[in-house]
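Peer 1: Following this line is data-v4.cif, made up of mmCIF, C-alpha atoms and all ligand atoms:
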data_coords
loop_
_atom_site.group_PDB
_atom_site.id
_atom_site.type_symbol
_atom_site.label_atom_id
_atom_site.label_comp_id
_atom_site.auth_asym_id
_atom_site.auth_seq_id
_atom_site.Cartn_x
_atom_site.Cartn_y
_atom_site.Cartn_z
ATOM 1 C CA MET Q 14 -67.085 -87.913 192.024
ATOM 2 C CA ARG Q 15 -65.703 -84.671 190.628
ATOM 3 C CA PRO Q 16 -63.459 -85.765 187.722
ATOM 4 C CA ASN Q 17 -59.734 -85.168 187.812
ATOM 5 C CA LEU Q 18 -59.317 -82.727 184.908
ATOM 6 C CA LEU Q 19 -55.532 -83.087 185.055
ATOM 7 C CA ARG Q 20 -55.823 -86.783 184.211
ATOM 8 C CA ALA Q 21 -58.237 -85.916 181.393
ATOM 9 C CA ALA Q 22 -55.929 -83.212 179.962
ATOM 10 C CA MET Q 23 -52.897 -85.529 179.961
ATOM 11 C CA ALA Q 24 -54.872 -88.485 178.583
ATOM 12 C CA ASP Q 25 -55.926 -86.257 175.662
ATOM 13 C CA GLY Q 26 -52.259 -85.696 174.841
ATOM 14 C CA ASN Q 27 -52.063 -82.130 176.149
ATOM 15 C CA VAL Q 28 -49.080 -80.869 178.085
ATOM 16 C CA ALA Q 29 -50.246 -79.818 181.520
ATOM 17 C CA ALA Q 30 -48.907 -76.691 183.225
ATOM 18 C CA ASN Q 31 -48.510 -77.151 186.974
ATOM 19 C CA ALA Q 32 -48.010 -74.336 189.496
ATOM 20 C CA TRP Q 33 -45.933 -74.882 192.639
ATOM 21 C CA ILE Q 34 -46.707 -73.315 196.006
ATOM 22 C CA SER Q 35 -43.832 -72.795 198.425
ATOM 23 C CA SER Q 36 -45.232 -69.854 200.404
ATOM 24 C CA SER Q 37 -48.012 -69.915 202.957
ATOM 25 C CA GLY Q 38 -50.426 -67.302 201.601
ATOM 26 C CA THR Q 39 -53.854 -68.654 200.697
ATOM 27 C CA TYR Q 40 -54.677 -65.626 198.546
ATOM 28 C CA ALA Q 41 -51.667 -66.292 196.262
ATOM 29 C CA ALA Q 42 -52.626 -69.986 196.033
ATOM 30 C CA GLU Q 43 -56.185 -69.023 195.113
ATOM 31 C CA ALA Q 44 -54.914 -66.565 192.479
ATOM 32 C CA LEU Q 45 -52.653 -69.205 190.904
ATOM 33 C CA SER Q 46 -55.583 -71.606 190.716
ATOM 34 C CA HIS Q 47 -57.391 -68.971 188.622
ATOM 35 C CA ALA Q 48 -54.345 -68.161 186.465
ATOM 36 C CA GLY Q 49 -54.802 -70.899 183.839
ATOM 37 C CA PHE Q 50 -52.674 -73.702 185.299
ATOM 38 C CA ASP Q 51 -54.081 -77.234 184.963
ATOM 39 C CA SER Q 52 -52.967 -78.069 188.495
ATOM 40 C CA VAL Q 53 -51.460 -76.370 191.522
ATOM 41 C CA THR Q 54 -49.107 -78.358 193.749
ATOM 42 C CA ILE Q 55 -48.618 -77.434 197.394
ATOM 43 C CA ASP Q 56 -45.053 -78.258 198.408
ATOM 44 C CA LEU Q 57 -45.046 -79.780 201.876
ATOM 45 C CA GLN Q 58 -41.420 -80.922 201.520
ATOM 46 C CA HIS Q 59 -39.711 -77.580 200.920
ATOM 47 C CA GLY Q 60 -42.606 -75.135 201.278
ATOM 48 C CA MET Q 61 -42.414 -72.667 204.183
ATOM 49 C CA PHE Q 62 -45.365 -74.147 206.102
ATOM 50 C CA GLY Q 63 -46.642 -77.275 207.845
ATOM 51 C CA ILE Q 64 -49.569 -79.600 207.334
ATOM 52 C CA ASP Q 65 -52.275 -77.328 208.820
ATOM 53 C CA THR Q 66 -51.391 -74.601 206.338
ATOM 54 C CA ALA Q 67 -51.256 -77.208 203.546
ATOM 55 C CA VAL Q 68 -54.926 -77.993 204.297
ATOM 56 C CA ALA Q 69 -55.844 -74.281 204.099
ATOM 57 C CA LEU Q 70 -53.877 -74.025 200.826
ATOM 58 C CA LEU Q 71 -55.834 -76.998 199.430
ATOM 59 C CA GLN Q 72 -59.036 -75.109 200.277
ATOM 60 C CA ALA Q 73 -57.717 -72.008 198.509
ATOM 61 C CA VAL Q 74 -56.621 -73.925 195.398
ATOM 62 C CA SER Q 75 -59.913 -75.798 195.156
ATOM 63 C CA SER Q 76 -61.860 -72.526 195.102
ATOM 64 C CA GLY Q 77 -60.491 -72.121 191.551
ATOM 65 C CA PRO Q 78 -60.445 -74.395 188.484
ATOM 66 C CA ALA Q 79 -56.943 -75.926 188.876
ATOM 67 C CA VAL Q 80 -56.596 -79.482 190.207
ATOM 68 C CA PRO Q 81 -55.147 -79.469 193.762
ATOM 69 C CA MET Q 82 -52.073 -81.662 194.339
ATOM 70 C CA VAL Q 83 -49.514 -81.899 197.147
ATOM 71 C CA ARG Q 84 -45.861 -82.819 197.165
ATOM 72 C CA SER Q 85 -45.705 -84.768 200.427
ATOM 73 C CA SER Q 86 -42.738 -84.392 202.751
ATOM 74 C CA GLY Q 87 -41.935 -88.086 202.285
ATOM 75 C CA ALA Q 88 -43.524 -91.505 201.804
ATOM 76 C CA ASP Q 89 -45.171 -91.663 205.250
ATOM 77 C CA PRO Q 90 -48.620 -93.286 204.707
ATOM 78 C CA ALA Q 91 -50.093 -91.350 207.668
ATOM 79 C CA GLU Q 92 -49.209 -87.995 206.109
ATOM 80 C CA ILE Q 93 -50.252 -89.081 202.606
ATOM 81 C CA GLY Q 94 -53.606 -90.324 203.949
ATOM 82 C CA LYS Q 95 -54.226 -87.012 205.711
ATOM 83 C CA LEU Q 96 -53.430 -85.012 202.568
ATOM 84 C CA LEU Q 97 -55.785 -87.156 200.503
ATOM 85 C CA ASP Q 98 -58.461 -86.824 203.211
ATOM 86 C CA ALA Q 99 -57.962 -83.055 202.941
ATOM 87 C CA GLY Q 100 -58.857 -83.169 199.242
ATOM 88 C CA ALA Q 101 -55.582 -83.603 197.355
ATOM 89 C CA TYR Q 102 -56.306 -85.052 193.910
ATOM 90 C CA GLY Q 103 -52.665 -85.935 193.334
ATOM 91 C CA ILE Q 104 -49.635 -86.767 195.472
ATOM 92 C CA ILE Q 105 -46.079 -86.197 194.286
ATOM 93 C CA CYS Q 106 -43.860 -88.250 196.595
ATOM 94 C CA PRO Q 107 -40.194 -87.189 196.861
ATOM 95 C CA SER Q 108 -37.136 -89.464 196.726
ATOM 96 C CA ILE Q 109 -38.593 -92.703 195.425
ATOM 97 C CA ASP Q 110 -35.356 -94.630 195.025
ATOM 98 C CA ASP Q 111 -36.566 -98.201 194.630
ATOM 99 C CA ALA Q 112 -39.593 -100.280 193.697
ATOM 100 C CA VAL Q 113 -40.407 -101.292 197.291
ATOM 101 C CA THR Q 114 -40.693 -97.660 198.442
ATOM 102 C CA CYS Q 115 -42.688 -96.921 195.299
ATOM 103 C CA ALA Q 116 -45.119 -99.791 195.954
ATOM 104 C CA ASP Q 117 -45.566 -98.593 199.567
ATOM 105 C CA PHE Q 118 -46.268 -95.080 198.293
ATOM 106 C CA VAL Q 119 -48.889 -96.254 195.775
ATOM 107 C CA SER Q 120 -50.460 -98.451 198.450
ATOM 108 C CA ALA Q 121 -50.759 -95.402 200.768
ATOM 109 C CA CYS Q 122 -52.809 -93.665 198.041
ATOM 110 C CA ARG Q 123 -55.332 -96.529 197.544
ATOM 111 C CA TYR Q 124 -58.044 -98.081 199.679
ATOM 112 C CA PRO Q 125 -57.921 -101.788 200.709
ATOM 113 C CA GLY Q 126 -58.371 -104.209 197.882
ATOM 114 C CA VAL Q 127 -55.432 -102.404 196.316
ATOM 115 C CA GLY Q 128 -53.713 -100.514 199.133
ATOM 116 C CA VAL Q 129 -53.665 -99.591 202.818
ATOM 117 C CA ARG Q 130 -55.304 -96.149 202.890
ATOM 118 C CA SER Q 131 -57.442 -95.764 205.996
ATOM 119 C CA PHE Q 132 -61.062 -94.607 205.790
ATOM 120 C CA GLY Q 133 -61.799 -90.995 206.809
ATOM 121 C CA PRO Q 134 -62.125 -88.865 203.674
ATOM 122 C CA SER Q 135 -63.465 -85.755 205.515
ATOM 123 C CA ARG Q 136 -62.808 -82.794 203.187
ATOM 124 C CA GLY Q 137 -62.229 -85.180 200.267
ATOM 125 C CA LEU Q 138 -65.977 -85.836 200.351
ATOM 126 C CA LEU Q 139 -66.769 -82.116 200.172
ATOM 127 C CA TYR Q 140 -64.434 -81.519 197.241
ATOM 128 C CA GLY Q 141 -64.883 -84.865 195.467
ATOM 129 C CA GLY Q 142 -68.538 -85.577 196.179
ATOM 130 C CA PRO Q 143 -70.521 -88.196 198.128
ATOM 131 C CA ASP Q 144 -69.301 -91.099 195.937
ATOM 132 C CA TYR Q 145 -65.655 -90.182 196.739
ATOM 133 C CA VAL Q 146 -64.685 -93.524 198.276
ATOM 134 C CA ALA Q 147 -65.922 -95.559 195.292
ATOM 135 C CA HIS Q 148 -63.815 -93.582 192.792
ATOM 136 C CA ALA Q 149 -60.871 -92.125 194.722
ATOM 137 C CA ASP Q 150 -58.435 -94.888 193.724
ATOM 138 C CA THR Q 151 -58.881 -94.214 190.003
ATOM 139 C CA THR Q 152 -59.132 -90.427 190.403
ATOM 140 C CA VAL Q 153 -56.144 -89.532 192.591
ATOM 141 C CA VAL Q 154 -52.867 -89.359 190.627
ATOM 142 C CA ALA Q 155 -49.842 -91.003 192.295
ATOM 143 C CA TRP Q 156 -46.529 -89.506 191.107
ATOM 144 C CA ALA Q 157 -43.181 -90.998 192.196
ATOM 145 C CA MET Q 158 -40.304 -88.511 192.192
ATOM 146 C CA ILE Q 159 -37.153 -89.646 190.422
ATOM 147 C CA GLU Q 160 -34.321 -87.519 191.759
ATOM 148 C CA SER Q 161 -31.231 -89.605 192.449
ATOM 149 C CA ALA Q 162 -28.646 -91.837 190.804
ATOM 150 C CA THR Q 163 -30.059 -94.739 192.852
ATOM 151 C CA ALA Q 164 -33.535 -94.126 191.429
ATOM 152 C CA LEU Q 165 -32.040 -94.109 187.921
ATOM 153 C CA SER Q 166 -30.397 -97.469 188.519
ATOM 154 C CA ASN Q 167 -33.751 -98.890 189.720
ATOM 155 C CA LEU Q 168 -35.813 -97.059 187.102
ATOM 156 C CA ASP Q 169 -37.275 -100.037 185.215
ATOM 157 C CA GLU Q 170 -38.497 -101.651 188.473
ATOM 158 C CA ILE Q 171 -39.925 -98.348 189.768
ATOM 159 C CA VAL Q 172 -41.960 -97.558 186.629
ATOM 160 C CA ALA Q 173 -43.265 -101.159 186.612
ATOM 161 C CA VAL Q 174 -44.947 -100.782 190.031
ATOM 162 C CA ASP Q 175 -48.613 -101.658 189.714
ATOM 163 C CA GLY Q 176 -50.946 -98.684 189.974
ATOM 164 C CA LEU Q 177 -48.262 -95.991 189.669
ATOM 165 C CA ASP Q 178 -49.712 -93.205 187.494
ATOM 166 C CA GLY Q 179 -46.592 -91.256 186.718
ATOM 167 C CA VAL Q 180 -43.036 -90.260 187.503
ATOM 168 C CA TYR Q 181 -42.062 -86.694 188.335
ATOM 169 C CA ILE Q 182 -38.465 -85.647 187.839
ATOM 170 C CA GLY Q 183 -36.675 -83.525 190.446
ATOM 171 C CA PRO Q 184 -33.783 -82.129 188.370
ATOM 172 C CA ASN Q 185 -32.150 -80.248 191.244
ATOM 173 C CA ASP Q 186 -31.661 -83.241 193.544
ATOM 174 C CA LEU Q 187 -30.881 -85.321 190.484
ATOM 175 C CA ALA Q 188 -28.110 -82.853 189.588
ATOM 176 C CA LEU Q 189 -26.660 -83.006 193.126
ATOM 177 C CA SER Q 190 -26.776 -86.794 193.076
ATOM 178 C CA LEU Q 191 -24.950 -86.873 189.733
ATOM 179 C CA GLY Q 192 -22.246 -84.509 191.003
ATOM 180 C CA GLU Q 193 -23.657 -81.536 189.065
ATOM 181 C CA ARG Q 194 -24.817 -78.093 190.206
ATOM 182 C CA PRO Q 195 -28.562 -77.657 190.784
ATOM 183 C CA GLY Q 196 -30.473 -74.762 189.241
ATOM 184 C CA GLY Q 197 -30.249 -72.921 185.948
ATOM 185 C CA SER Q 198 -30.138 -74.869 182.699
ATOM 186 C CA PHE Q 199 -29.815 -78.658 182.648
ATOM 187 C CA SER Q 200 -26.259 -80.021 182.394
ATOM 188 C CA GLU Q 201 -25.627 -82.770 179.835
ATOM 189 C CA PRO Q 202 -25.695 -85.616 182.442
ATOM 190 C CA VAL Q 203 -28.980 -84.305 183.906
ATOM 191 C CA LEU Q 204 -30.551 -83.981 180.472
ATOM 192 C CA GLU Q 205 -29.449 -87.528 179.590
ATOM 193 C CA ALA Q 206 -31.016 -88.771 182.834
ATOM 194 C CA ILE Q 207 -34.255 -86.911 182.053
ATOM 195 C CA VAL Q 208 -34.395 -88.552 178.613
ATOM 196 C CA ARG Q 209 -33.901 -91.967 180.247
ATOM 197 C CA VAL Q 210 -36.800 -91.317 182.637
ATOM 198 C CA VAL Q 211 -39.063 -90.145 179.795
ATOM 199 C CA GLU Q 212 -38.251 -93.280 177.774
ATOM 200 C CA ALA Q 213 -38.829 -95.604 180.745
ATOM 201 C CA ALA Q 214 -42.197 -93.958 181.487
ATOM 202 C CA ARG Q 215 -43.207 -94.187 177.828
ATOM 203 C CA ARG Q 216 -42.367 -97.912 177.727
ATOM 204 C CA ARG Q 217 -44.791 -98.472 180.652
ATOM 205 C CA GLY Q 218 -47.444 -96.043 179.384
ATOM 206 C CA ILE Q 219 -47.349 -93.896 182.539
ATOM 207 C CA TYR Q 220 -47.192 -90.102 182.753
ATOM 208 C CA VAL Q 221 -43.998 -88.145 183.108
ATOM 209 C CA GLY Q 222 -43.693 -84.678 184.608
ATOM 210 C CA ALA Q 223 -40.891 -82.489 185.919
ATOM 211 C CA PHE Q 224 -40.036 -79.483 188.000
ATOM 212 C CA CYS Q 225 -38.267 -76.789 185.970
ATOM 213 C CA GLY Q 226 -36.435 -73.706 187.200
ATOM 214 C CA GLY Q 227 -38.141 -71.417 184.688
ATOM 215 C CA GLU Q 228 -39.707 -71.012 181.278
ATOM 216 C CA GLU Q 229 -36.646 -71.973 179.184
ATOM 217 C CA THR Q 230 -36.167 -75.359 180.844
ATOM 218 C CA ALA Q 231 -39.941 -75.911 180.855
ATOM 219 C CA ARG Q 232 -40.064 -75.334 177.091
ATOM 220 C CA GLN Q 233 -37.114 -77.686 176.626
ATOM 221 C CA LEU Q 234 -38.996 -80.452 178.447
ATOM 222 C CA VAL Q 235 -42.241 -79.759 176.589
ATOM 223 C CA ASP Q 236 -40.215 -80.389 173.411
ATOM 224 C CA LEU Q 237 -39.041 -83.708 174.920
ATOM 225 C CA GLY Q 238 -42.701 -84.741 175.137
ATOM 226 C CA LEU Q 239 -43.381 -84.499 178.870
ATOM 227 C CA ASP Q 240 -47.012 -84.675 179.992
ATOM 228 C CA LEU Q 241 -46.652 -82.076 182.744
ATOM 229 C CA VAL Q 242 -44.160 -79.330 183.510
ATOM 230 C CA THR Q 243 -43.822 -76.987 186.476
ATOM 231 C CA PRO Q 244 -42.262 -73.713 185.262
ATOM 232 C CA GLY Q 245 -40.827 -72.665 188.646
ATOM 233 C CA ASN Q 246 -42.539 -72.007 191.954
ATOM 234 C CA ASP Q 247 -44.689 -69.138 193.254
ATOM 235 C CA ILE Q 248 -41.725 -67.196 194.613
ATOM 236 C CA SER Q 249 -39.697 -67.567 191.412
ATOM 237 C CA LEU Q 250 -42.742 -66.348 189.425
ATOM 238 C CA LEU Q 251 -42.968 -63.340 191.732
ATOM 239 C CA ARG Q 252 -39.249 -62.586 191.608
ATOM 240 C CA ASP Q 253 -39.161 -63.018 187.839
ATOM 241 C CA ALA Q 254 -42.098 -60.669 187.289
ATOM 242 C CA ALA Q 255 -40.649 -58.170 189.766
ATOM 243 C CA THR Q 256 -37.213 -58.290 188.089
ATOM 244 C CA ARG Q 257 -38.705 -57.789 184.620
ATOM 245 C CA ARG Q 258 -40.820 -54.863 185.724
ATOM 246 C CA ILE Q 259 -37.999 -53.190 187.639
ATOM 247 C CA ALA Q 260 -35.738 -53.637 184.600
ATOM 248 C CA ALA Q 261 -38.429 -52.171 182.349
ATOM 249 C CA ILE Q 262 -38.707 -49.150 184.641
ATOM 250 C CA ARG Q 263 -34.976 -48.652 185.011
ATOM 251 C CA GLY Q 264 -34.276 -49.310 181.354
ATOM 252 C CA HIS Q 265 -31.873 -52.192 181.912
ATOM 253 C CA ARG Q 266 -32.115 -55.816 182.889
ATOM 254 C CA THR Q 267 -30.769 -57.076 186.250
ATOM 255 C CA LEU Q 268 -31.343 -60.808 186.515
ATOM 256 C CA ALA Q 269 -31.855 -62.228 190.004
ATOM 257 C CA THR Q 270 -29.365 -65.040 190.513
ATOM 258 C CA ALA Q 271 -29.837 -65.909 194.176
ATOM 259 C CA ASN Q 272 -32.850 -68.091 193.417
ATOM 260 C CA ALA Q 273 -31.581 -69.802 190.299
ATOM 261 C CA GLY Q 274 -32.958 -73.226 191.206
ATOM 262 C CA GLY Q 275 -36.505 -71.938 191.371
ATOM 263 C CA TYR Q 276 -36.617 -71.951 195.166
HETATM 264 C C1 LIG Q 301 -35.874 -81.162 192.660
HETATM 265 O O1 LIG Q 301 -35.590 -80.579 191.604
HETATM 266 O O2 LIG Q 301 -35.075 -81.860 193.285
HETATM 267 C C2 LIG Q 301 -37.197 -81.020 193.202
HETATM 268 O O3 LIG Q 301 -37.524 -81.672 194.171
HETATM 269 C C3 LIG Q 301 -38.104 -80.044 192.559
HETATM 270 O O4 LIG Q 301 -39.140 -79.710 193.344
HETATM 271 MG MG MG Q 302 -35.978 -82.657 195.124
#
The structure given in the file should be rewritten as structure tokens.

Peer 2:
Amino acid sequence: MRPNLLRAAMADGNVAANAWISSSGTYAAEALSHAGFDSVTIDLQHGMFGIDTAVALLQAVSSGPAVPMVRSSGADPAEIGKLLDAGAYGIICPSIDDAVTCADFVSACRYPGVGVRSFGPSRGLLYGGPDYVAHADTTVVAWAMIESATALSNLDEIVAVDGLDGVYIGPNDLALSLGERPGGSFSEPVLEAIVRVVEAARRRGIYVGAFCGGEETARQLVDLGLDLVTPGNDISLLRDAATRRIAAIRGHRTLATANAGGY
């Protein structure tokens, strides 16, 4: 089976850079896969498209060197199975608030013996290779999103779930849940929560990644020792580059504020 180079990069102690796709264009997804990111995640929860487009985006991402992942819209095993069948090498599952939901999510990512994934790997075979089924369970990365006060209170049980590969922090929902404002730089309570998640993941020897609004917060989390950071999404990259270039042309800097959370 084609190896998961994201797993290999993180296992070697490198910090992985993950791109985030929220728009439906396959050409942009293909370009980001060639831009130097270790992985590209297609956001089926908040992205402006449905599952059929997510499949086309997986095709676009896998035409380049980055590892294709999807943030599912939830923990539904039917949707997760379809995304894996379509060739996702990693699933980031939103709103994992307790160990039971986490165990169900991991089970949806693994074939019987370990989990409940149904057979039908279709495009997974094309991308992964003919021995896909034998190695999928140890190749696909299962990330549980930690993004609420409830998840924080159940953190030790969540990270202890058998077969979970990593936790992925959603700082915007986490901020809302803690009574803080999402977007921009991390408030003190959000940063404290992030540190708690990093420590819990480290104790269990699983990976820890996070969404970041931009390059400053991404650098801050690289310094905290995260294994993977997402420095904003495709649209924030576009807006940021556009803003910088317009400012360079006009000779002054006008920061876009409407999209401060990276969406
Ligand atoms: C969050 O910050 O809540 C996210 O889900 C990031 O994608
Ligand atoms: Mg979220």

Peer 1: Would you mind listing, for every residue of chain Q within 9 Å of ligand LIG 301 (chain Q), the two atoms forming the shortest contact and the distance between them in Å to one decimal, using all atoms listed in the file, sorted by chain and ascending residue number, as JSON lines?

Peer 2:
{"residue": "Q:Trp33", "atom": "CA", "partner": "Q:LIG301", "partner_atom": "O4", "distance": 8.4}
{"residue": "Q:Asp56", "atom": "CA", "partner": "Q:LIG301", "partner_atom": "O4", "distance": 7.9}
{"residue": "Q:Gln58", "atom": "CA", "partner": "Q:LIG301", "partner_atom": "O3", "distance": 8.4}
{"residue": "Q:His59", "atom": "CA", "partner": "Q:LIG301", "partner_atom": "O4", "distance": 7.9}
{"residue": "Q:Arg84", "atom": "CA", "partner": "Q:LIG301", "partner_atom": "O4", "distance": 8.3}
{"residue": "Q:Pro107", "atom": "CA", "partner": "Q:LIG301", "partner_atom": "O3", "distance": 6.7}
{"residue": "Q:Ser108", "atom": "CA", "partner": "Q:LIG301", "partner_atom": "O3", "distance": 8.2}
{"residue": "Q:Met158", "atom": "CA", "partner": "Q:LIG301", "partner_atom": "O3", "distance": 7.6}
{"residue": "Q:Ile159", "atom": "CA", "partner": "Q:LIG301", "partner_atom": "O2", "distance": 8.6}
{"residue": "Q:Glu160", "atom": "CA", "partner": "Q:LIG301", "partner_atom": "O2", "distance": 5.9}
{"residue": "Q:Ser161", "atom": "CA", "partner": "Q:LIG301", "partner_atom": "O2", "distance": 8.7}
{"residue": "Q:Tyr181", "atom": "CA", "partner": "Q:LIG301", "partner_atom": "C3", "distance": 8.8}
{"residue": "Q:Ile182", "atom": "CA", "partner": "Q:LIG301", "partner_atom": "O1", "distance": 6.9}
{"residue": "Q:Gly183", "atom": "CA", "partner": "Q:LIG301", "partner_atom": "C1", "distance": 3.3}
{"residue": "Q:Pro184", "atom": "CA", "partner": "Q:LIG301", "partner_atom": "O1", "distance": 4.0}
{"residue": "Q:Asn185", "atom": "CA", "partner": "Q:LIG301", "partner_atom": "O1", "distance": 3.5}
{"residue": "Q:Asp186", "atom": "CA", "partner": "Q:LIG301", "partner_atom": "O2", "distance": 3.7}
{"residue": "Q:Leu187", "atom": "CA", "partner": "Q:LIG301", "partner_atom": "O2", "distance": 6.1}
{"residue": "Q:Ala188", "atom": "CA", "partner": "Q:LIG301", "partner_atom": "O2", "distance": 7.9}
{"residue": "Q:Leu189", "atom": "CA", "partner": "Q:LIG301", "partner_atom": "O2", "distance": 8.5}
{"residue": "Q:Pro195", "atom": "CA", "partner": "Q:LIG301", "partner_atom": "O1", "distance": 7.7}
{"residue": "Q:Gly196", "atom": "CA", "partner": "Q:LIG301", "partner_atom": "O1", "distance": 8.1}
{"residue": "Q:Ala223", "atom": "CA", "partner": "Q:LIG301", "partner_atom": "C3", "distance": 7.6}
{"residue": "Q:Phe224", "atom": "CA", "partner": "Q:LIG301", "partner_atom": "C3", "distance": 5.0}
{"residue": "Q:Cys225", "atom": "CA", "partner": "Q:LIG301", "partner_atom": "O1", "distance": 7.3}
{"residue": "Q:Gly226", "atom": "CA", "partner": "Q:LIG301", "partner_atom": "O1", "distance": 8.2}
{"residue": "Q:Thr243", "atom": "CA", "partner": "Q:LIG301", "partner_atom": "O4", "distance": 8.7}
{"residue": "Q:Gly245", "atom": "CA", "partner": "Q:LIG301", "partner_atom": "O4", "distance": 8.6}
{"residue": "Q:Asn246", "atom": "CA", "partner": "Q:LIG301", "partner_atom": "O4", "distance": 8.5}
{"residue": "Q:Gly274", "atom": "CA", "partner": "Q:LIG301", "partner_atom": "O1", "distance": 7.8}
{"residue": "Q:Gly275", "atom": "CA", "partner": "Q:LIG301", "partner_atom": "C3", "distance": 8.3}
{"residue": "Q:Tyr276", "atom": "CA", "partner": "Q:LIG301", "partner_atom": "O4", "distance": 8.4}

Peer 1: Check which residues satisfy the PyMOL selection byres (((chain Q and resi 132) around 12) and not hetatm) in the file shown, then give them as a ChimeraX atom specification.

Peer 2: /Q:91,94-95,97-98,121-125,128-131,133-135,137-138,145-147,149

Peer 1: Residues as selected, C-alpha atoms, written as a PDB file, in the frame of the given file, can you do that?

Peer 2:
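Writing the result to selection.pdb gives the following:
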ATOM      1  CA  ALA Q  91     -50.093 -91.350 207.668  1.00  0.00           C
ATOM      2  CA  GLY Q  94     -53.606 -90.324 203.949  1.00  0.00           C
ATOM      3  CA  LYS Q  95     -54.226 -87.012 205.711  1.00  0.00           C
ATOM      4  CA  LEU Q  97     -55.785 -87.156 200.503  1.00  0.00           C
ATOM      5  CA  ASP Q  98     -58.461 -86.824 203.211  1.00  0.00           C
ATOM      6  CA  ALA Q 121     -50.759 -95.402 200.768  1.00  0.00           C
ATOM      7  CA  CYS Q 122     -52.809 -93.665 198.041  1.00  0.00           C
ATOM      8  CA  ARG Q 123     -55.332 -96.529 197.544  1.00  0.00           C
ATOM      9  CA  TYR Q 124     -58.044 -98.081 199.679  1.00  0.00           C
ATOM     10  CA  PRO Q 125     -57.921-101.788 200.709  1.00  0.00           C
ATOM     11  CA  GLY Q 128     -53.713-100.514 199.133  1.00  0.00           C
ATOM     12  CA  VAL Q 129     -53.665 -99.591 202.818  1.00  0.00           C
ATOM     13  CA  ARG Q 130     -55.304 -96.149 202.890  1.00  0.00           C
ATOM     14  CA  SER Q 131     -57.442 -95.764 205.996  1.00  0.00           C
ATOM     15  CA  GLY Q 133     -61.799 -90.995 206.809  1.00  0.00           C
ATOM     16  CA  PRO Q 134     -62.125 -88.865 203.674  1.00  0.00           C
ATOM     17  CA  SER Q 135     -63.465 -85.755 205.515  1.00  0.00           C
ATOM     18  CA  GLY Q 137     -62.229 -85.180 200.267  1.00  0.00           C
ATOM     19  CA  LEU Q 138     -65.977 -85.836 200.351  1.00  0.00           C
ATOM     20  CA  TYR Q 145     -65.655 -90.182 196.739  1.00  0.00           C
ATOM     21  CA  VAL Q 146     -64.685 -93.524 198.276  1.00  0.00           C
ATOM     22  CA  ALA Q 147     -65.922 -95.559 195.292  1.00  0.00           C
ATOM     23  CA  ALA Q 149     -60.871 -92.125 194.722  1.00  0.00           C
TER      24      ALA Q 149
END

Peer 1: To test your reading of the syntax: which residues would the PyMOL selection byres (((chain Q and resi 217) around 12) and not hetatm) return for the file shown? Reply as JSON, numbers by chain.

Peer 2: {"Q": [168, 169, 170, 171, 172, 173, 174, 175, 176, 177, 178, 179, 180, 210, 211, 212, 213, 214, 215, 216, 218, 219, 220, 221]}

Peer 1: Within 12 Å of (-51.9, -89.4, 187.7) (coordinates as in the file), grab all the protein and nucleic acid residues, counting all atoms listed in the file, and write them out as a ChimeraX atom specification.

Peer 2: /Q:17-24,29,52,80,82,101-105,119,122,149-157,176-181,218-222,240-241

Peer 1: Here is a test: counting only C-alpha atoms, which residue of Q:Ala32, Q:Ala73, Q:Ile55, Q:Ala112 is nearest to Ser249 of chain Q?

Peer 2: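 Smallest separation from Ser249 of chain Q among the options: Q:Ala32.
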
Peer 1: One number please: atom CA of Asn167 of chain Q to atom CA of Thr230 of chain Q, in Å, one decimal.

Peer 2: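 Going from atom CA of Asn167 of chain Q over to atom CA of Thr230 of chain Q, I get 25.3 Å.
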
Peer 1: Taking the file as shown, find all residues satisfying the PyMOL selection byres (((chain Q and resi 88) around 7) and not hetatm) and write them as a list in words.

Peer 2: Gly87, Asp89, Pro90, Cys106 and Phe118 of chain Q

Peer 1: Take the residues from that selection and write them out as a short mmCIF file (atom, residue, chain, number, x, y, z; two decimals), in the frame of the given file, keeping C-alpha atoms.

Peer 2:
data_model
loop_
_atom_site.label_atom_id
_atom_site.label_comp_id
_atom_site.auth_asym_id
_atom_site.auth_seq_id
_atom_site.Cartn_x
_atom_site.Cartn_y
_atom_site.Cartn_z
CA GLY Q 87 -41.94 -88.09 202.28
CA ASP Q 89 -45.17 -91.66 205.25
CA PRO Q 90 -48.62 -93.29 204.71
CA CYS Q 106 -43.86 -88.25 196.60
CA PHE Q 118 -46.27 -95.08 198.29
#

Peer 1: Can you pull out the residues contacting Leu45 of chain Q? Cut-off 9 Å, using all atoms listed in the file, and skip same-chain residues under 3 positions away; I want them as a ChimeraX atom specification.

Peer 2: /Q:32-34,40-42,48-50,53,74,77,79,247

Peer 1: Considering only C-alpha atoms and all ligand atoms, state which residue in the set Q:Ile109, Q:Ala206, Q:Leu234, Q:Leu239 is at the smallest distance from ligand MG 302 (chain Q).

Peer 2: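 The shortest atom-to-atom distance to ligand MG 302 (chain Q) comes from Q:Ile109.
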
Peer 1: Hey, which of Q:Gly60, Q:Gly38, Q:Gly142, Q:Pro81 ends up closest to ligand MG 302 (chain Q)? Count only C-alpha atoms and all ligand atoms.

Peer 2: Q:Gly60

Peer 1: Kindly give the distance, in Å, that separates atom CA of Asp144 of chain Q and atom CA of Arg15 of chain Q, rounded to a single decimal.

Peer 2: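 The value is 9.1 Å.
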
Peer 1: State, in Å with one decimal place, the distance from atom CA of Arg252 of chain Q to atom CA of Glu228 of chain Q.

Peer 2: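 Straight-line distance from atom CA of Arg252 of chain Q to atom CA of Glu228 of chain Q works out to 13.3 Å.
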
Peer 1: My list of candidates is Q:Ser190, Q:Asp253, Q:Leu204, Q:Phe199. Which is closest to ligand MG 302 (chain Q) when distances are computed with all atoms listed in the file?

Peer 2: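 Of Q:Ser190, Q:Asp253, Q:Leu204, Q:Phe199, the one nearest ligand MG 302 (chain Q), counting all atoms listed in the file, is Q:Ser190.
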